[in-house]
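Colleague: Starting off with a structure, shown below.
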Amino acid sequence: MSEIELSEPLALAPVAARDAVFAIVREISERRAPYDRVALSLGLQKVRLPVDATVTVPIDVTAEATPLRWECTIHIEAQSRRGLFPRFDGTLGVAGDSRDQSRLSLQGNYDAPFGALGRGGDAILMHGAATESLRSFLKWLAAETTRTVESRERDRLRQSRLHD
């Protein structure tokens, strides 16, 4: 297993960020549109092969809220051919940095396929491609969270104008 600890800043109030992140992750885990086809991208640019390509791996996400904490446990694995791709188990959380700033974090372990051979291949050949795919996922989730919160705020403003 390889340990991972990633974070992304959010220019959002912590409560709004938390609510949006958890709603998005729940919809991903339940495969609800528009999140029913979320995938991890595994860049092959770092692999020593004569290709410059990206492999997209549709994923299953299982998330469970941790009571009284701003985090959830998260499990990520490929939807099919699970034995060929890394599996991630950890925690996804939101922390408040200030009144209008927060941080999205992903911590845990990913297990490369094929045991020790897979871990060696990840370290030597793939140069941490699994970590980079999780980093890309976290960046996407941060951007999607921001878009969701901003959309909700626009909707609230529109509704308040209708009632004035």
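Chain labels follow the order of the structure tokens: the first chain is A, the next B, and so on; residue numbering restarts at 1 in every chain, and ligands are counted from 1 in their shown order.
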Would you list the contacts of A:Arg18 as a list of chain:residue names, taking every protein, DNA or RNA residue within 7 Å and counting only C-alpha atoms, but skipping same-chain residues closer than 4 positions in sequence?
Modeller: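 Neighbouring residues, sequence-local ones excluded: A:Pro14, A:Phe22, A:Trp70, A:Val94.
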Colleague: Save the residues we just selected, N, CA and C atoms, as an mmCIF file, in the first residue's frame?
Modeller:
```cif
data_model
loop_
_atom_site.group_PDB
_atom_site.id
_atom_site.type_symbol
_atom_site.label_atom_id
_atom_site.label_comp_id
_atom_site.auth_asym_id
_atom_site.auth_seq_id
_atom_site.Cartn_x
_atom_site.Cartn_y
_atom_site.Cartn_z
ATOM 1 N N PRO A 14 -16.536 27.372 4.605
ATOM 2 C CA PRO A 14 -16.434 25.949 4.939
ATOM 3 C C PRO A 14 -17.748 25.175 4.925
ATOM 4 N N PHE A 22 -20.101 16.871 -0.024
ATOM 5 C CA PHE A 22 -20.781 15.654 0.387
ATOM 6 C C PHE A 22 -21.951 15.317 -0.541
ATOM 7 N N TRP A 70 -16.291 16.713 9.690
ATOM 8 C CA TRP A 70 -16.456 17.210 8.334
ATOM 9 C C TRP A 70 -15.670 16.352 7.361
ATOM 10 N N VAL A 94 -13.293 18.303 4.511
ATOM 11 C CA VAL A 94 -13.296 19.746 4.292
ATOM 12 C C VAL A 94 -12.926 20.396 5.619
#
```
Colleague: Any idea what's packed within 9 Å of A:Val21, counting only C-alpha atoms, ignoring anything in its chain fewer than 6 positions away? Could you give it as JSON, numbers by chain?
Modeller: {"A": [93, 94, 104, 141, 142, 144, 145, 148]}
Colleague: Residues as selected, C-alpha atoms, written as a PDB file, in the first residue's frame, can you do that?
Modeller:
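Written output follows (result09.pdb):
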```
ATOM      1  CA  GLY A  93     -12.633  16.027   4.244  1.00  0.00           C
ATOM      2  CA  VAL A  94     -13.296  19.746   4.292  1.00  0.00           C
ATOM      3  CA  LEU A 104     -10.529  19.895   0.529  1.00  0.00           C
ATOM      4  CA  LEU A 141     -13.907  17.749  -7.225  1.00  0.00           C
ATOM      5  CA  ALA A 142     -12.692  21.145  -5.964  1.00  0.00           C
ATOM      6  CA  GLU A 144     -17.070  21.026  -9.267  1.00  0.00           C
ATOM      7  CA  THR A 145     -17.670  22.047  -5.646  1.00  0.00           C
ATOM      8  CA  THR A 148     -22.008  23.944  -7.411  1.00  0.00           C
TER       9      THR A 148
END
```
Colleague: Considering only C-alpha atoms, can you say which of A:Ala129, A:Val25, A:Ala112, A:Val57 comes closest to A:Cys72?
Modeller: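 Checking each of A:Ala129, A:Val25, A:Ala112, A:Val57 against A:Cys72, counting only C-alpha atoms, the winner is A:Val25.
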Colleague: Compile the contact shell of A:Arg37 as a PyMOL selection string: residues with an atom at most 8 Å away, counting only C-alpha atoms, same-chain residues fewer than 6 positions apart removed.
Modeller: chain A and resi 31+58-59
Colleague: Please produce a file of the residues just selected, as a PDB file, in the first residue's frame, where the atoms kept are C-alpha atoms.
Modeller:
```pdb
ATOM      1  CA  ARG A  31     -24.308   7.025  -9.941  1.00  0.00           C
ATOM      2  CA  PRO A  58     -14.695   4.576 -14.817  1.00  0.00           C
ATOM      3  CA  ILE A  59     -14.835   4.264 -11.037  1.00  0.00           C
TER       4      ILE A  59
END
```
Colleague: Mind giving me the straight-line distance from atom CA of A:Ala16 to atom CA of A:Ile76 in Å, one decimal?
Modeller: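 A separation of 24.0 Å between them.
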Colleague: Report, in Å to a single decimal, how far apart atom CA of A:His75 and atom CA of A:Ser136 are.
Modeller: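 A separation of 16.2 Å between them.
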Colleague: What is the distance, in Å and to one decimal place, between atom CA of A:Ala143 and atom CA of A:Thr73?
Modeller: 20.5 Å
Colleague: Find the residue from A:Ala17, A:Leu12, A:Ala63, A:Ala33 that sits nearest to A:Gly90; use only C-alpha atoms when measuring.
Modeller: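 Nearest to A:Gly90: A:Ala63.
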Colleague: List the neighbours of A:Glu3 out to 9 Å using only C-alpha atoms; skip same-chain residues closer than 3 positions along the sequence, and give me the result as an MDAnalysis selection string.
Modeller: chainID A and resid 107:111
Colleague: The selected residues should be written to file as an mmCIF file, in the first residue's frame (atoms: C-alpha atoms).
Modeller:
```
data_model
loop_
_atom_site.group_PDB
_atom_site.id
_atom_site.type_symbol
_atom_site.label_atom_id
_atom_site.label_comp_id
_atom_site.auth_asym_id
_atom_site.auth_seq_id
_atom_site.Cartn_x
_atom_site.Cartn_y
_atom_site.Cartn_z
ATOM 1 C CA GLN A 107 -5.872 11.077 2.750
ATOM 2 C CA GLY A 108 -5.433 7.364 2.749
ATOM 3 C CA ASN A 109 -3.796 4.486 0.952
ATOM 4 C CA TYR A 110 -3.941 3.132 -2.527
ATOM 5 C CA ASP A 111 -3.073 -0.421 -3.303
#
```
Colleague: From the set A:Glu132, A:Phe137, A:Val149, A:Asp97, which residue has the shortest atom-to-atom contact distance to A:Val61, counting only C-alpha atoms?
Modeller: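 Checking each of A:Glu132, A:Phe137, A:Val149, A:Asp97 against A:Val61, counting only C-alpha atoms, the winner is A:Phe137.
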Colleague: Within 12 Å of A:Ser80, counting only C-alpha atoms, which residues show up once you throw out same-chain ones fewer than 2 positions away? Write them as an MDAnalysis selection string, please.
Modeller: chainID A and resid 39 56:60 77:78 82:87
Colleague: As a PyMOL selection string, list the residues of stretch 85-118 of chain A assigned to helix (DSSP H, G or I) by DSSP on the backbone atoms of this structure.
Modeller: chain A and resi 115-118
